[in-house]
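Just start_37.txt here, compact mmCIF, C-alpha atoms:
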```txt
# COMPACT_ATOMS: atom_id res chain seq x y z
CA MET A 1 138.06 -10.50 179.98
CA SER A 2 139.63 -8.39 182.74
CA ILE A 3 143.24 -7.59 183.55
CA ASN A 4 144.35 -6.49 187.02
CA TYR A 5 146.70 -3.50 186.71
CA PRO A 6 148.29 -1.74 189.74
CA GLU A 7 145.69 1.02 189.21
CA GLY A 8 142.83 -1.50 189.26
CA TRP A 9 140.94 -3.89 187.03
CA GLN A 10 140.48 -3.05 183.34
CA ASN A 11 137.71 -4.74 181.35
CA TYR A 12 138.28 -5.51 177.66
CA HIS A 13 135.25 -6.23 175.52
CA SER A 14 137.16 -7.90 172.68
CA ARG A 15 139.10 -11.13 172.67
CA ILE A 16 141.34 -12.61 169.95
CA ILE A 17 140.08 -16.02 168.85
CA GLN A 18 142.56 -17.02 166.14
CA ILE A 19 145.26 -15.61 163.84
CA GLN A 20 146.12 -16.90 160.36
CA THR A 21 149.16 -15.52 158.49
CA SER A 22 150.41 -16.17 154.97
CA ASN A 23 153.87 -15.09 153.77
CA TYR A 24 154.48 -14.85 150.03
CA THR A 25 157.94 -14.60 148.40
CA THR A 26 157.13 -15.34 144.73
CA VAL A 27 157.63 -12.53 142.22
CA TYR A 28 154.34 -11.72 140.44
CA THR A 29 154.07 -9.14 137.63
CA HIS A 30 150.76 -7.86 136.27
CA THR A 31 150.51 -6.03 132.93
CA ALA A 32 146.78 -6.17 132.13
CA THR A 33 144.02 -3.69 132.94
CA ALA A 34 141.66 -6.32 134.39
CA PHE A 35 142.13 -7.33 138.02
CA ALA A 36 143.83 -10.67 138.77
CA ASN A 37 144.96 -12.54 141.87
CA THR A 38 148.61 -11.99 142.85
CA GLY A 39 148.95 -15.22 144.82
CA LEU A 40 148.99 -13.43 148.19
CA SER A 41 145.99 -14.76 150.13
CA CYS A 42 144.85 -15.92 153.55
CA THR A 43 141.99 -18.26 154.48
CA ILE A 44 140.25 -18.21 157.85
CA THR A 45 137.12 -19.94 159.15
CA PRO A 46 135.21 -17.92 161.76
CA THR A 47 134.29 -19.90 164.87
CA ASN A 48 131.15 -17.82 165.51
CA GLU A 49 129.00 -15.81 163.10
CA SER A 50 128.94 -12.88 165.57
CA ASN A 51 132.72 -12.48 165.47
CA ARG A 52 134.67 -10.12 163.25
CA ILE A 53 137.85 -10.45 161.19
CA LEU A 54 140.61 -7.87 160.86
CA ILE A 55 142.70 -8.26 157.69
CA LEU A 56 146.20 -6.73 157.54
CA VAL A 57 148.20 -6.65 154.29
CA ASN A 58 151.85 -5.63 153.83
CA ALA A 59 153.15 -5.84 150.26
CA ASN A 60 156.39 -4.90 148.46
CA LEU A 61 155.50 -3.25 145.16
CA GLN A 62 157.21 -2.07 142.00
CA VAL A 63 155.41 0.17 139.51
CA ASN A 64 157.22 0.18 136.16
CA ASN A 65 156.90 2.11 132.91
CA ASN A 66 160.35 1.36 131.44
CA GLY A 67 158.89 0.11 128.16
CA ASN A 68 157.55 3.50 127.10
CA THR A 69 159.62 6.47 125.96
CA THR A 70 156.64 8.84 125.62
CA TYR A 71 155.05 8.69 129.08
CA TYR A 72 156.96 9.57 132.24
CA GLU A 73 154.39 8.30 134.66
CA GLY A 74 153.07 4.96 135.76
CA GLU A 75 150.30 3.79 138.01
CA ALA A 76 148.47 0.63 138.86
CA GLN A 77 145.67 -0.38 141.19
CA TYR A 78 145.44 -2.93 143.94
CA ARG A 79 142.49 -4.21 145.92
CA LEU A 80 141.61 -6.68 148.66
CA THR A 81 138.82 -9.13 147.84
CA ALA A 82 136.87 -11.72 149.81
CA SER A 83 135.31 -15.01 148.74
CA ILE A 84 133.27 -17.40 150.88
CA SER A 85 133.83 -21.19 150.97
CA GLY A 86 135.96 -21.33 147.83
CA SER A 87 133.47 -19.48 145.62
CA THR A 88 134.86 -17.74 142.57
CA GLN A 89 133.31 -14.43 143.55
CA ASN A 90 135.83 -11.77 144.47
CA ASN A 91 133.95 -9.08 146.34
CA PRO A 92 136.16 -5.97 146.49
CA MET A 93 136.59 -4.70 150.04
CA TYR A 94 139.32 -2.08 149.86
CA GLY A 95 141.64 -0.70 147.20
CA GLY A 96 144.09 1.97 146.19
CA THR A 97 146.51 3.24 143.56
CA GLN A 98 150.29 3.21 143.55
CA GLY A 99 152.26 5.24 141.02
CA PHE A 100 154.64 8.04 140.07
CA ARG A 101 155.13 11.00 137.74
CA ILE A 102 158.53 12.31 136.72
CA THR A 103 159.71 15.04 134.37
CA GLY A 104 162.42 14.96 131.72
CA HIS A 105 163.74 11.99 129.84
CA ALA A 106 164.59 9.55 132.58
CA GLN A 107 165.95 6.17 131.50
CA SER A 108 164.78 4.09 134.45
CA LYS A 109 161.14 4.63 135.33
CA LYS A 110 160.44 2.38 138.28
CA LEU A 111 159.02 3.00 141.72
CA PHE A 112 159.81 0.57 144.53
CA SER A 113 157.49 0.94 147.50
CA THR A 114 155.68 -0.85 150.27
CA MET A 115 151.93 -0.81 150.71
CA SER A 116 149.97 -1.53 153.86
CA MET A 117 146.24 -1.75 154.26
CA GLN A 118 143.78 -2.97 156.80
CA ALA A 119 140.13 -3.92 156.45
CA GLY A 120 137.44 -5.37 158.66
CA ASP A 121 134.82 -7.99 157.91
CA GLY A 122 131.84 -9.31 159.85
CA PRO A 123 129.72 -10.03 161.74
CA PHE A 124 128.54 -12.83 159.48
CA SER A 125 124.97 -13.49 160.66
CA GLY A 126 121.96 -12.57 158.54
CA GLY A 127 123.10 -13.92 155.18
CA GLY A 128 126.81 -13.18 155.64
CA GLY A 129 127.90 -16.79 155.19
CA GLY A 130 127.87 -17.74 158.89
CA THR A 131 130.95 -19.71 159.85
CA ALA A 132 131.98 -20.64 156.29
CA ALA A 133 135.67 -20.31 155.36
CA ARG A 134 136.69 -16.96 153.90
CA THR A 135 139.64 -16.27 151.62
CA TYR A 136 141.05 -12.76 151.37
CA ARG A 137 143.21 -12.02 148.30
CA LEU A 138 145.38 -9.21 147.03
CA GLN A 139 144.64 -8.40 143.39
CA PHE A 140 146.38 -6.09 140.89
CA GLY A 141 144.79 -4.23 137.99
CA GLY A 142 145.14 -1.06 135.94
CA GLY A 143 148.32 -2.03 134.13
CA GLY A 144 148.38 -2.55 130.39
CA GLY A 145 150.56 -1.26 127.59
CA SER A 146 153.95 -0.42 129.06
CA PHE A 147 152.64 -0.10 132.63
CA SER A 148 153.14 -2.96 135.05
CA ILE A 149 152.92 -3.58 138.77
CA SER A 150 154.93 -6.28 140.53
CA LEU A 151 154.83 -7.95 143.91
CA ASN A 152 158.18 -8.92 145.52
CA SER A 153 160.21 -7.77 142.49
CA GLN A 154 163.57 -8.06 144.33
CA PRO A 155 165.33 -4.84 143.32
CA PHE A 156 169.10 -4.65 143.65
CA TYR A 157 170.01 -2.69 146.76
CA HIS A 158 173.39 -0.99 146.50
CA GLY A 159 175.83 -2.09 149.16
CA THR A 160 174.14 -5.40 149.97
CA GLY A 161 175.95 -7.39 147.30
CA SER A 162 172.88 -9.37 146.27
CA ASN A 163 169.16 -9.16 145.78
CA PRO A 164 167.42 -9.73 149.11
CA ASN A 165 164.31 -11.89 149.13
CA GLU A 166 161.21 -9.72 149.35
CA VAL A 167 158.38 -11.01 151.55
CA SER A 168 154.78 -9.79 151.46
CA ASN A 169 152.19 -11.05 153.91
CA ILE A 170 148.55 -11.04 154.86
CA THR A 171 147.25 -11.68 158.37
CA CYS A 172 143.66 -12.48 159.36
CA ILE A 173 142.66 -12.02 163.00
CA GLU A 174 139.30 -13.31 164.25
CA TYR A 175 138.06 -11.55 167.39
CA GLU A 176 134.97 -11.32 169.56
CA ALA A 177 133.46 -7.89 169.36
```
Encoding of this model in C-alpha cells:
Amino acid sequence: MSINYPEGWQNYHSRIIQIQTSNYTTVYTHTATAFANTGLSCTITPTNESNRILILVNANLQVNNNGNTTYYEGEAQYRLTASISGSTQNNPMYGGTQGFRITGHAQSKKLFSTMSMQAGDGPFSGGGGGTAARTYRLQFGGGGGSFSISLNSQPFYHGTGSNPNEVSNITCIEYEA
C-alpha cells in the first residue's frame, strides 16, 4: 500500500486486516495462588496463516491486603494467555506483577492502578494452527491468604459523588506483515 504525501509517495509494508475489541465492566476478584481467567478475553480468526496479531490489554486493577495485620505489602500476578479453536490450553504469552509495600501500621492497604500490555502472535504457518480462531485471555494468579487482586473494583473517587464504572478492554488487530 502506498500513500501520496506532498513530499512524495510512501510505501507501507503492513496493512490492517481486522480489529476485534472486547470491553469488560464486571468486577472480578481473585484470591487463589493458581492462575484463573478474569473474564476479559478477545477472540479473533486470522484470515491468512502468514498474518500476525497484535494484542493490546488495558486493565483497571486493585491489589489488596486489608485482611492481614502482620504484612504491609501485597502483590499478585497477571498474564495473557492464548488458546486455539476453543481448546482448554492456556499458553502463557506475557505476564507481570502488580503490588505495593508500605511501612507502619496502615489501616487501608489497597493499591488502585491501571495496567497496559501488548503482545504479538503469528505467523501461524508450520504447526501454528493456521487460520483457526484464537482466544486471548487475561488471567490473575499469585493471590492467596489475605492477598487479592481485582479487575474493575470500582473504588470511590472523592468529589465524584458516586462510584464510576470501571472498564477494562482487550483489542486484537490482525495485520499483514
How many Å lie between CA of Arg137 (chain A) and CA of Ser14 (chain A), rounded to one decimal?
->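 Between CA of Arg137 (chain A) and CA of Ser14 (chain A) the gap is 25.5 Å.
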Do you know which residues lie at most 6 Å from (154.8, -8.2, 146.8), with coordinates as in the file and only C-alpha atoms counted, and could you write them as a list in words?
->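 Selection result: Ala59, Asn60, Leu61, Leu151, Asn152 and Ser168 of chain A.
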Generate the output file for the selected residues, C-alpha atoms, as a PDB file, in the coordinates of the input.
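And here is the file that came out, selection01.pdb:
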```pdb
ATOM      1  CA  ALA A  59     153.150  -5.840 150.260  1.00  0.00           C
ATOM      2  CA  ASN A  60     156.390  -4.900 148.460  1.00  0.00           C
ATOM      3  CA  LEU A  61     155.500  -3.250 145.160  1.00  0.00           C
ATOM      4  CA  LEU A 151     154.830  -7.950 143.910  1.00  0.00           C
ATOM      5  CA  ASN A 152     158.180  -8.920 145.520  1.00  0.00           C
ATOM      6  CA  SER A 168     154.780  -9.790 151.460  1.00  0.00           C
TER       7      SER A 168
END
```
Kindly indicate which residue among A:Thr25, A:Thr33, A:Thr135, A:Gln62 lies nearest to Ser85 (chain A), using only C-alpha atoms for the distances.
->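 Using only C-alpha atoms, Ser85 (chain A) sits closest to A:Thr135.
CA of Thr81 (chain A) lies 24.9 Å from CA of Arg15 (chain A).
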So how many Å separate CA of Ile55 (chain A) and CA of Asn11 (chain A), to one decimal?
->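 Separating CA of Ile55 (chain A) from CA of Asn11 (chain A) is a distance of 24.4 Å.
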Counting only C-alpha atoms, what is within 10 Å of Thr131 (chain A), bar same-chain residues fewer than 4 positions away, as a VMD selection string?
-> chain A and resid 44 to 51 84 to 85 123 to 125
Minimum-distance residue to Asp121 (chain A), chosen among A:Phe35, A:Tyr5, A:Tyr24, A:Tyr94 (using all atoms listed in the file) =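 Nearest candidate to Asp121 (chain A) out of A:Phe35, A:Tyr5, A:Tyr24, A:Tyr94: A:Tyr94.
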For Thr31 (chain A), which residue out of A:Ser150, A:Ser83, A:Thr114, A:Gln18 is the nearest one, using all atoms listed in the file?
->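 Among the listed residues, A:Ser150 lies closest to Thr31 (chain A).
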